[in-house]
$ cat data_25.csv   # CSV, C-alpha atoms and all ligand atoms
chain,number,residue,atom,x,y,z
W,1,MET,CA,61.9,117.3,97.7
W,2,GLN,CA,65.3,119.0,97.9
W,3,ASP,CA,68.1,118.2,95.4
W,4,LYS,CA,70.8,119.1,97.9
W,5,ARG,CA,72.0,116.4,100.3
W,6,ILE,CA,70.5,116.7,103.8
W,7,ALA,CA,72.8,116.2,106.7
W,8,LEU,CA,72.2,116.1,110.5
W,9,VAL,CA,75.1,116.7,112.8
W,10,THR,CA,74.4,116.1,116.5
W,11,GLY,CA,76.0,118.4,119.0
W,12,ALA,CA,76.8,120.9,116.3
W,13,ASN,CA,76.5,124.1,118.4
W,14,GLN,CA,80.2,124.1,119.3
W,15,GLY,CA,83.5,122.3,118.8
W,16,VAL,CA,84.0,119.6,116.1
W,17,GLY,CA,80.3,119.4,115.4
W,18,LEU,CA,80.0,123.1,114.6
W,19,GLN,CA,83.1,122.9,112.3
W,20,VAL,CA,81.7,119.8,110.5
W,21,ALA,CA,78.3,121.6,110.0
W,22,LYS,CA,80.1,124.7,108.7
W,23,GLU,CA,82.2,122.7,106.2
W,24,LEU,CA,79.3,120.5,105.0
W,25,VAL,CA,77.3,123.7,104.2
W,26,ALA,CA,80.4,125.0,102.4
W,27,HIS,CA,80.3,121.8,100.3
W,28,GLY,CA,76.7,122.5,99.3
W,29,LEU,CA,74.7,120.4,101.7
W,30,THR,CA,71.7,121.5,103.7
W,31,VAL,CA,72.7,120.9,107.4
W,32,LEU,CA,70.6,120.4,110.4
W,33,VAL,CA,72.5,121.8,113.3
W,34,GLY,CA,71.6,119.5,116.2
W,35,SER,CA,71.7,121.2,119.6
W,36,ARG,CA,70.2,120.2,122.9
W,37,ASN,CA,69.8,123.9,123.6
W,38,PHE,CA,67.8,125.3,120.8
W,39,GLU,CA,69.0,128.9,121.2
W,40,LYS,CA,72.6,127.8,121.0
W,41,GLY,CA,71.7,125.8,117.8
W,42,GLN,CA,70.1,129.0,116.4
W,43,ALA,CA,73.2,131.0,117.1
W,44,ALA,CA,75.4,128.4,115.5
W,45,ALA,CA,73.1,128.1,112.4
W,46,LYS,CA,73.1,131.9,112.1
W,47,GLN,CA,76.9,132.0,112.4
W,48,ILE,CA,77.2,129.4,109.6
W,49,GLY,CA,74.6,131.1,107.4
W,50,MET,CA,72.4,130.0,104.5
W,51,GLY,CA,72.0,126.2,104.4
W,52,ALA,CA,72.2,125.7,108.1
W,53,HIS,CA,69.1,125.1,110.2
W,54,ALA,CA,68.9,124.7,114.0
W,55,LEU,CA,67.3,121.5,115.2
W,56,GLN,CA,66.6,120.9,118.9
W,57,LEU,CA,68.0,117.5,119.6
W,58,ASP,CA,69.0,116.1,123.0
W,59,VAL,CA,70.3,112.6,122.3
W,60,THR,CA,69.4,111.5,125.8
W,61,ASP,CA,65.8,112.5,125.4
W,62,GLN,CA,63.6,110.2,123.4
W,63,ALA,CA,60.8,112.8,122.9
W,64,SER,CA,63.4,115.3,121.5
W,65,ILE,CA,64.8,112.6,119.2
W,66,THR,CA,61.3,111.6,117.9
W,67,ALA,CA,60.3,115.2,117.3
W,68,ALA,CA,63.6,115.9,115.4
W,69,ALA,CA,63.0,112.9,113.2
W,70,GLU,CA,59.4,114.0,112.5
W,71,ARG,CA,60.5,117.5,111.6
W,72,ILE,CA,63.1,116.1,109.2
W,73,ARG,CA,60.4,113.9,107.6
W,74,ASN,CA,58.0,116.7,107.3
W,75,GLU,CA,60.5,119.3,105.9
W,76,PHE,CA,62.9,117.1,103.8
W,77,GLY,CA,61.4,113.6,103.5
W,78,ARG,CA,64.8,112.0,103.9
W,79,LEU,CA,68.2,112.1,105.5
W,80,ASP,CA,71.4,111.6,103.4
W,81,VAL,CA,74.2,112.1,106.0
W,82,LEU,CA,74.0,111.5,109.8
W,83,VAL,CA,77.0,112.5,111.9
W,84,ASN,CA,76.7,111.1,115.4
W,85,ASN,CA,79.0,113.6,117.0
W,86,ALA,CA,77.5,114.6,120.4
W,87,ALA,CA,79.4,113.3,123.4
W,88,ILE,CA,80.5,114.2,126.8
W,89,SER,CA,83.8,113.1,128.5
W,90,ASN,CA,82.6,113.4,132.1
W,91,THR,CA,79.8,115.1,134.1
W,92,GLY,CA,81.9,117.8,135.6
W,93,ARG,CA,85.6,117.3,136.2
W,94,ARG,CA,86.5,120.0,138.7
W,95,ALA,CA,88.8,122.8,137.6
W,96,GLY,CA,92.4,122.1,138.5
W,97,VAL,CA,91.9,118.3,138.4
W,98,THR,CA,94.3,116.9,135.8
W,99,ILE,CA,93.2,114.2,133.3
W,100,GLU,CA,95.6,111.8,135.1
W,101,GLU,CA,94.0,112.6,138.5
W,102,TYR,CA,90.6,112.2,137.0
W,103,ALA,CA,91.6,108.8,135.5
W,104,GLN,CA,92.8,107.7,139.0
W,105,SER,CA,89.5,108.6,140.6
W,106,THR,CA,87.5,106.8,137.9
W,107,LEU,CA,89.2,103.4,137.9
W,108,ALA,CA,87.0,100.3,137.5
W,109,SER,CA,87.3,99.8,141.2
W,110,ASN,CA,86.3,103.2,142.4
W,111,VAL,CA,84.4,104.9,139.6
W,112,SER,CA,80.9,106.3,140.5
W,113,LEU,CA,78.3,104.2,138.6
W,114,ASP,CA,76.3,107.4,138.1
W,115,GLU,CA,79.3,108.9,136.2
W,116,VAL,CA,79.5,105.8,134.0
W,117,HIS,CA,75.7,105.8,133.4
W,118,ALA,CA,75.6,109.5,132.5
W,119,VAL,CA,78.5,109.3,130.0
W,120,TRP,CA,77.3,106.1,128.4
W,121,GLU,CA,73.8,107.5,128.2
W,122,THR,CA,75.0,110.2,125.8
W,123,ASN,CA,77.9,108.5,124.0
W,124,VAL,CA,76.4,105.0,123.5
W,125,PHE,CA,72.7,104.9,124.1
W,126,GLY,CA,72.2,108.4,122.6
W,127,VAL,CA,73.8,107.2,119.4
W,128,LEU,CA,71.8,104.1,119.3
W,129,ALA,CA,68.5,106.0,119.9
W,130,VAL,CA,69.3,108.5,117.2
W,131,TYR,CA,70.2,105.7,114.8
W,132,GLN,CA,66.9,104.0,115.4
W,133,ALA,CA,64.9,107.2,114.9
W,134,MET,CA,66.8,108.3,111.8
W,135,LEU,CA,67.2,105.0,110.0
W,136,PRO,CA,63.8,105.1,108.2
W,137,LEU,CA,64.8,108.6,106.8
W,138,LEU,CA,68.2,107.3,105.8
W,139,HIS,CA,66.5,104.5,103.9
W,140,GLU,CA,64.7,107.2,101.8
W,141,SER,CA,68.1,108.4,100.6
W,142,PRO,CA,69.7,106.9,97.4
W,143,ALA,CA,73.1,106.9,99.1
W,144,ALA,CA,73.1,107.5,102.8
W,145,ASN,CA,76.2,107.9,104.9
W,146,ILE,CA,76.5,107.5,108.7
W,147,VAL,CA,79.6,108.8,110.6
W,148,ASN,CA,79.9,107.8,114.2
W,149,VAL,CA,82.4,110.1,115.9
W,150,SER,CA,84.5,107.9,118.1
W,151,SER,CA,87.9,108.3,119.6
W,152,GLY,CA,91.3,106.5,119.4
W,153,VAL,CA,91.0,106.1,123.2
W,154,GLY,CA,88.2,103.7,122.6
W,155,SER,CA,90.3,101.3,120.5
W,156,LEU,CA,90.5,98.0,122.4
W,157,THR,CA,93.3,96.7,120.2
W,158,ALA,CA,95.5,99.8,120.6
W,159,ASN,CA,94.9,100.3,124.3
W,160,ALA,CA,95.4,96.6,125.2
W,161,ASP,CA,99.0,97.2,124.3
W,162,PRO,CA,101.0,98.4,127.3
W,163,ALA,CA,103.1,100.5,124.9
W,164,SER,CA,100.0,102.6,123.9
W,165,PRO,CA,100.3,106.1,125.2
W,166,TYR,CA,96.7,105.9,126.4
W,167,HIS,CA,97.0,102.4,127.9
W,168,LYS,CA,96.9,103.7,131.5
W,169,MET,CA,94.1,106.0,130.7
W,170,PHE,CA,91.7,103.3,129.5
W,171,GLY,CA,88.9,103.6,132.1
W,172,PRO,CA,85.2,102.7,132.3
W,173,VAL,CA,83.9,106.2,131.7
W,174,TYR,CA,84.8,107.9,128.4
W,175,PRO,CA,87.3,105.4,126.8
W,176,ALA,CA,85.0,102.4,127.5
W,177,SER,CA,82.0,104.4,126.2
W,178,LYS,CA,83.8,104.9,122.9
W,179,ALA,CA,84.7,101.2,122.8
W,180,ALA,CA,81.0,100.4,123.3
W,181,LEU,CA,80.2,102.9,120.6
W,182,ASN,CA,82.5,101.0,118.3
W,183,ALA,CA,80.8,97.8,119.2
W,184,MET,CA,77.4,99.4,118.5
W,185,THR,CA,78.8,100.6,115.2
W,186,LEU,CA,79.8,97.0,114.2
W,187,ALA,CA,76.3,95.8,115.0
W,188,MET,CA,74.9,98.6,112.8
W,189,MET,CA,77.4,97.9,110.0
W,190,ILE,CA,76.4,94.2,110.0
W,191,GLU,CA,72.7,95.2,109.9
W,192,LEU,CA,73.3,97.6,107.0
W,193,GLU,CA,75.5,95.2,104.9
W,194,SER,CA,72.6,94.4,102.5
W,195,THR,CA,71.6,98.0,102.2
W,196,PRO,CA,73.1,101.1,100.3
W,197,ILE,CA,73.7,102.8,103.7
W,198,LYS,CA,77.4,103.2,104.6
W,199,ILE,CA,78.7,103.5,108.1
W,200,ARG,CA,82.1,104.5,109.3
W,201,LEU,CA,84.0,105.4,112.5
W,202,VAL,CA,86.2,108.5,112.7
W,203,SER,CA,88.2,109.9,115.5
W,204,PRO,CA,88.9,113.6,115.3
W,205,ALA,CA,92.5,114.5,116.1
W,206,PHE,CA,93.3,115.8,119.7
W,207,THR,CA,91.4,119.0,119.2
W,208,SER,CA,91.1,122.0,121.4
W,209,THR,CA,87.4,122.0,122.5
W,210,ASN,CA,85.3,122.2,125.6
W,211,LEU,CA,85.4,118.3,125.8
W,212,ASN,CA,89.1,118.5,127.0
W,213,ASN,CA,89.0,122.0,128.6
W,214,TYR,CA,90.7,123.2,125.4
W,215,ALA,CA,93.8,121.1,126.1
W,216,GLY,CA,93.8,119.6,122.6
W,217,THR,CA,96.7,120.4,120.3
W,218,GLU,CA,94.9,120.7,117.0
W,219,THR,CA,92.6,123.6,115.9
W,220,VAL,CA,89.0,122.6,115.2
W,221,GLU,CA,89.7,123.2,111.5
W,222,ASP,CA,92.5,120.6,111.4
W,223,GLY,CA,91.1,118.3,114.1
W,224,SER,CA,87.7,118.0,112.3
W,225,ARG,CA,89.1,117.4,108.8
W,226,GLU,CA,88.7,113.6,108.8
W,227,VAL,CA,85.1,113.8,110.0
W,228,VAL,CA,84.3,116.1,107.1
W,229,ARG,CA,86.1,114.0,104.6
W,230,VAL,CA,84.3,110.8,105.7
W,231,ALA,CA,80.9,112.5,105.9
W,232,LEU,CA,81.4,113.5,102.2
W,233,LEU,CA,82.3,110.0,101.0
W,234,GLY,CA,80.2,108.4,98.3
W,235,PRO,CA,78.5,105.1,97.8
W,236,ASP,CA,81.5,103.4,96.2
W,237,ASP,CA,83.9,104.3,99.0
W,238,PRO,CA,84.8,101.6,101.5
W,239,THR,CA,82.5,101.1,104.5
W,240,GLY,CA,83.4,100.1,108.0
W,241,THR,CA,86.6,102.1,108.2
W,242,PHE,CA,88.0,103.7,111.4
W,243,THR,CA,90.3,106.6,110.6
W,244,ARG,CA,91.9,109.6,112.2
W,245,TRP,CA,93.4,111.3,109.1
W,246,GLU,CA,93.0,110.3,105.5
W,247,ASN,CA,94.9,107.0,105.2
W,248,VAL,CA,95.6,106.8,108.9
W,249,THR,CA,93.5,104.0,110.3
W,250,ILE,CA,92.8,103.1,113.9
W,251,PRO,CA,92.3,99.4,114.9
W,252,TRP,CA,88.7,98.9,116.2
W,301,LIG,N1,88.2,117.1,121.0
W,301,LIG,C1,88.9,116.0,120.9
W,301,LIG,O1,90.2,116.0,121.0
W,301,LIG,C2,88.3,114.7,120.5
W,301,LIG,C3,89.1,113.6,120.3
W,301,LIG,C4,88.5,112.4,119.9
W,301,LIG,C5,87.1,112.3,119.8
W,301,LIG,N2,86.4,113.4,120.0
W,301,LIG,C6,84.9,113.3,119.8
W,301,LIG,O2,84.5,114.3,119.0
W,301,LIG,C7,83.1,114.6,119.2
W,301,LIG,C8,82.9,116.1,119.4
W,301,LIG,O3,83.6,116.5,120.6
W,301,LIG,P1,84.2,118.0,120.8
W,301,LIG,O4,85.6,117.8,121.1
W,301,LIG,O5,83.7,118.9,119.7
W,301,LIG,O6,83.4,118.4,122.2
W,301,LIG,P2,82.5,119.6,122.6
W,301,LIG,O7,83.1,120.9,122.0
W,301,LIG,O8,82.4,119.5,124.0
W,301,LIG,O9,81.2,119.4,121.8
W,301,LIG,C9,80.3,118.3,122.2
W,301,LIG,C10,79.0,118.6,121.7
W,301,LIG,O10,78.1,117.6,122.1
W,301,LIG,C11,76.9,118.2,122.6
W,301,LIG,N3,76.2,117.3,123.6
W,301,LIG,C12,76.6,116.9,124.7
W,301,LIG,N4,75.6,116.1,125.3
W,301,LIG,C13,74.6,116.2,124.4
W,301,LIG,C14,73.3,115.6,124.4
W,301,LIG,N5,72.8,114.9,125.5
W,301,LIG,N6,72.5,115.9,123.3
W,301,LIG,C15,72.9,116.6,122.3
W,301,LIG,N7,74.1,117.2,122.3
W,301,LIG,C16,74.9,116.9,123.3
W,301,LIG,C17,77.4,119.5,123.3
W,301,LIG,O11,76.4,120.3,123.6
W,301,LIG,P3,76.5,121.5,124.7
W,301,LIG,O12,77.2,122.7,124.0
W,301,LIG,O13,75.0,121.8,125.0
W,301,LIG,O14,77.2,121.0,125.8
W,301,LIG,C18,78.4,120.0,122.2
W,301,LIG,O15,77.7,120.6,121.2
W,301,LIG,C19,82.7,113.8,120.4
W,301,LIG,O16,82.1,112.6,120.0
W,301,LIG,C20,84.1,113.5,121.0
W,301,LIG,O17,84.0,112.3,121.8
W,301,LIG,C21,86.9,114.6,120.4
$ encode --input "data_25.csv" --output "structure tokens"
Amino acid sequence: MQDKRIALVTGANQGVGLQVAKELVAHGLTVLVGSRNFEKGQAAAKQIGMGAHALQLDVTDQASITAAAERIRNEFGRLDVLVNNAAISNTGRRAGVTIEEYAQSTLASNVSLDEVHAVWETNVFGVLAVYQAMLPLLHESPAANIVNVSSGVGSLTANADPASPYHKMFGPVYPASKAALNAMTLAMMIELESTPIKIRLVSPAFTSTNLNNYAGTETVEDGSREVVRVALLGPDDPTGTFTRWENVTIPW
């Protein structure tokens, strides 16, 4: 059994997930670089170096999730940190279509149900399926830590306020998927209350990644900082928080 803490980051072949994997390795953890495309995961793990291991993991594919959990059990016997990071914002916004135009074509009244199903499949059901598969391994850890990577656009409290800058953008696809993820996280948190496993929500800052066609204003280093900090929290730190930066909370 390894002394080093073992972490799994889903969707770690690029963007925030890759940066989080990189920094957790730098902090001495052994990191499983989850990637739906194994070759991309291998390239990312190679880029990170010693301590990073590619793990094929498509969060929408139960067979892939089950195989990933089996591999972690066989090779490490436990999981200490789970970062549920993988997500999609849409299934293919056409080039040249602005976020505002996309929002207008995905209102509750006119959105394609296929689009809603596809995004929720990854962002909501994918997280729940990974949680279910990894929970027995997290129970093997003396101090396990789950980070669900959400978004400020999923905050019901913030976005119900007409003064919120994202109020008009709150639609059924990505924003509602993150609100549903927050609801799933609350259910997980209540289930875990009597266990040593901690669970927290984090929103990266508005970070330049593929998810937003690189429109984000923060670098991946800065935008991922809170995810890394929360992934490294210990058993005595508060549970159930939703933060964007250290000491900057988001209402659920
Ligand atoms: N960027 C921001 O400004 C921002 C703000 C708030 C919240 N977030 C959240 O931060 C997290 C990371 O996003 P990002 O900005 O880093 O986006 P990104 O660069 O697009 O990365 C998303 C990652 O998720 C993976 N993924 C997508 N579907 C998957 C599936 N079915 N199974 C496994 N992996 C899958 C992608 O894999 P492929 O490479 O194969 O596509 C990619 O590795 C997401 O939860 C996002 O909602 C981002």
$ closest_atom_pairs --input "data_25.csv" --of "chain W" --to "ligand LIG 301 (chain W)" --cutoff "7 Å" --atoms "only C-alpha atoms and all ligand atoms" --output "tab-separated table"
residue	atom	partner	partner_atom	distance
W:Thr10	CA	W:LIG301	N7	5.9
W:Gly11	CA	W:LIG301	O15	3.5
W:Ala12	CA	W:LIG301	O15	5.0
W:Asn13	CA	W:LIG301	O15	4.6
W:Gln14	CA	W:LIG301	O15	4.7
W:Gly15	CA	W:LIG301	O7	3.5
W:Val16	CA	W:LIG301	O5	3.7
W:Gly17	CA	W:LIG301	O5	5.5
W:Gly34	CA	W:LIG301	C15	6.9
W:Ser35	CA	W:LIG301	N7	5.4
W:Arg36	CA	W:LIG301	C15	4.5
W:Asn37	CA	W:LIG301	O13	5.8
W:Leu57	CA	W:LIG301	C15	5.7
W:Asp58	CA	W:LIG301	N6	3.5
W:Val59	CA	W:LIG301	N6	4.1
W:Thr60	CA	W:LIG301	N5	4.8
W:Asn85	CA	W:LIG301	O16	4.4
W:Ala86	CA	W:LIG301	O10	3.5
W:Ala87	CA	W:LIG301	O16	4.4
W:Ile88	CA	W:LIG301	C12	5.2
W:Ser89	CA	W:LIG301	O17	6.8
W:Thr122	CA	W:LIG301	N5	5.2
W:Val149	CA	W:LIG301	O16	4.8
W:Ser150	CA	W:LIG301	C5	5.4
W:Ser151	CA	W:LIG301	C5	4.1
W:Gly152	CA	W:LIG301	C4	6.5
W:Ser203	CA	W:LIG301	C5	5.0
W:Pro204	CA	W:LIG301	C4	4.8
W:Ala205	CA	W:LIG301	C3	5.5
W:Phe206	CA	W:LIG301	O1	3.4
W:Thr207	CA	W:LIG301	O1	3.7
W:Ser208	CA	W:LIG301	N1	5.7
W:Thr209	CA	W:LIG301	O7	4.5
W:Asn210	CA	W:LIG301	O8	4.3
W:Leu211	CA	W:LIG301	O8	3.7
W:Asn212	CA	W:LIG301	N1	6.2
W:Gly216	CA	W:LIG301	O1	5.3
$ atom_distance --input "data_25.csv" --atom1 "CA of Trp245 (chain W)" --atom2 "CA of Leu232 (chain W)"
14.0 Å
$ closest_residue --input "data_25.csv" --among "W:Ala45, W:Met50, W:Ile197, W:Val119" --to "Ala26 (chain W)" --atoms "only C-alpha atoms"
W:Met50
$ residues_around --input "data_25.csv" --residues "Ser155 (chain W)" --least-positions-apart "2" --cutoff "10 Å" --atoms "only C-alpha atoms" --output "PDB file with C-alpha atoms, keeping the file's coordinate frame"
ATOM      1  CA  SER W 150      84.500 107.900 118.100  1.00  0.00           C
ATOM      2  CA  SER W 151      87.900 108.300 119.600  1.00  0.00           C
ATOM      3  CA  GLY W 152      91.300 106.500 119.400  1.00  0.00           C
ATOM      4  CA  VAL W 153      91.000 106.100 123.200  1.00  0.00           C
ATOM      5  CA  THR W 157      93.300  96.700 120.200  1.00  0.00           C
ATOM      6  CA  ALA W 158      95.500  99.800 120.600  1.00  0.00           C
ATOM      7  CA  ASN W 159      94.900 100.300 124.300  1.00  0.00           C
ATOM      8  CA  ALA W 160      95.400  96.600 125.200  1.00  0.00           C
ATOM      9  CA  TYR W 166      96.700 105.900 126.400  1.00  0.00           C
ATOM     10  CA  PHE W 170      91.700 103.300 129.500  1.00  0.00           C
ATOM     11  CA  PRO W 175      87.300 105.400 126.800  1.00  0.00           C
ATOM     12  CA  ALA W 176      85.000 102.400 127.500  1.00  0.00           C
ATOM     13  CA  LYS W 178      83.800 104.900 122.900  1.00  0.00           C
ATOM     14  CA  ALA W 179      84.700 101.200 122.800  1.00  0.00           C
ATOM     15  CA  ALA W 180      81.000 100.400 123.300  1.00  0.00           C
ATOM     16  CA  ASN W 182      82.500 101.000 118.300  1.00  0.00           C
ATOM     17  CA  PHE W 242      88.000 103.700 111.400  1.00  0.00           C
ATOM     18  CA  ILE W 250      92.800 103.100 113.900  1.00  0.00           C
ATOM     19  CA  PRO W 251      92.300  99.400 114.900  1.00  0.00           C
ATOM     20  CA  TRP W 252      88.700  98.900 116.200  1.00  0.00           C
TER      21      TRP W 252
END
$ atom_distance --input "data_25.csv" --atom1 "CA of Val9 (chain W)" --atom2 "CA of Val83 (chain W)"
4.7 Å
$ residues_around --input "data_25.csv" --residues "region 183-185 of chain W" --least-positions-apart "6" --cutoff "8 Å" --atoms "only C-alpha atoms" --output "JSON, numbers by chain"
{"W": [124, 128, 148, 199, 200, 201]}
$ atom_distance --input "data_25.csv" --atom1 "CA of Leu233 (chain W)" --atom2 "CA of Arg73 (chain W)"
23.2 Å
$ closest_residue --input "data_25.csv" --among "W:Asp80, W:Glu193, W:Glu70, W:Glu23" --to "Arg229 (chain W)" --atoms "all atoms listed in the file"
W:Glu23
$ closest_residue --input "data_25.csv" --among "W:Lys168, W:His53, W:Met134, W:Ala43" --to "Ala103 (chain W)" --atoms "only C-alpha atoms"
W:Lys168
$ decode --input "data_25.csv" --residues "region 27-44 of chain W" --atoms "N, CA and C atoms" --output "mmCIF file, in the first residue's frame"
data_model
loop_
_atom_site.group_PDB
_atom_site.id
_atom_site.type_symbol
_atom_site.label_atom_id
_atom_site.label_comp_id
_atom_site.auth_asym_id
_atom_site.auth_seq_id
_atom_site.Cartn_x
_atom_site.Cartn_y
_atom_site.Cartn_z
ATOM 1 N N HIS W 27 2.532 18.607 -5.210
ATOM 2 C CA HIS W 27 2.360 18.542 -3.754
ATOM 3 C C HIS W 27 2.611 17.140 -3.204
ATOM 4 N N GLY W 28 3.090 16.238 -4.062
ATOM 5 C CA GLY W 28 3.504 14.927 -3.566
ATOM 6 C C GLY W 28 2.453 13.837 -3.647
ATOM 7 N N LEU W 29 1.323 14.130 -4.280
ATOM 8 C CA LEU W 29 0.313 13.076 -4.414
ATOM 9 C C LEU W 29 0.606 12.222 -5.651
ATOM 10 N N THR W 30 0.113 11.013 -5.634
ATOM 11 C CA THR W 30 0.077 10.180 -6.835
ATOM 12 C C THR W 30 -1.256 10.495 -7.517
ATOM 13 N N VAL W 31 -1.203 10.871 -8.794
ATOM 14 C CA VAL W 31 -2.425 11.341 -9.446
ATOM 15 C C VAL W 31 -2.794 10.472 -10.642
ATOM 16 N N LEU W 32 -4.036 10.013 -10.629
ATOM 17 C CA LEU W 32 -4.586 9.301 -11.775
ATOM 18 C C LEU W 32 -5.232 10.339 -12.673
ATOM 19 N N VAL W 33 -4.687 10.435 -13.879
ATOM 20 C CA VAL W 33 -5.113 11.453 -14.843
ATOM 21 C C VAL W 33 -6.254 10.860 -15.665
ATOM 22 N N GLY W 34 -7.476 11.141 -15.230
ATOM 23 C CA GLY W 34 -8.643 10.590 -15.927
ATOM 24 C C GLY W 34 -8.802 11.240 -17.288
ATOM 25 N N SER W 35 -9.014 10.399 -18.300
ATOM 26 C CA SER W 35 -9.194 10.936 -19.648
ATOM 27 C C SER W 35 -10.053 9.962 -20.437
ATOM 28 N N ARG W 36 -11.076 10.508 -21.120
ATOM 29 C CA ARG W 36 -11.932 9.578 -21.896
ATOM 30 C C ARG W 36 -11.144 9.004 -23.065
ATOM 31 N N ASN W 37 -10.189 9.757 -23.562
ATOM 32 C CA ASN W 37 -9.310 9.265 -24.627
ATOM 33 C C ASN W 37 -7.981 8.893 -23.971
ATOM 34 N N PHE W 38 -7.669 7.593 -23.956
ATOM 35 C CA PHE W 38 -6.507 7.122 -23.201
ATOM 36 C C PHE W 38 -5.203 7.750 -23.690
ATOM 37 N N GLU W 39 -5.081 7.898 -25.020
ATOM 38 C CA GLU W 39 -3.825 8.462 -25.568
ATOM 39 C C GLU W 39 -3.629 9.901 -25.065
ATOM 40 N N LYS W 40 -4.723 10.662 -25.024
ATOM 41 C CA LYS W 40 -4.606 12.045 -24.515
ATOM 42 C C LYS W 40 -4.226 12.029 -23.038
ATOM 43 N N GLY W 41 -4.756 11.055 -22.315
ATOM 44 C CA GLY W 41 -4.403 10.914 -20.898
ATOM 45 C C GLY W 41 -2.926 10.563 -20.738
ATOM 46 N N GLN W 42 -2.455 9.690 -21.621
ATOM 47 C CA GLN W 42 -1.031 9.301 -21.567
ATOM 48 C C GLN W 42 -0.135 10.508 -21.858
ATOM 49 N N ALA W 43 -0.539 11.299 -22.858
ATOM 50 C CA ALA W 43 0.261 12.492 -23.202
ATOM 51 C C ALA W 43 0.285 13.461 -22.021
ATOM 52 N N ALA W 44 -0.872 13.630 -21.362
ATOM 53 C CA ALA W 44 -0.942 14.555 -20.218
ATOM 54 C C ALA W 44 -0.084 14.029 -19.070
#
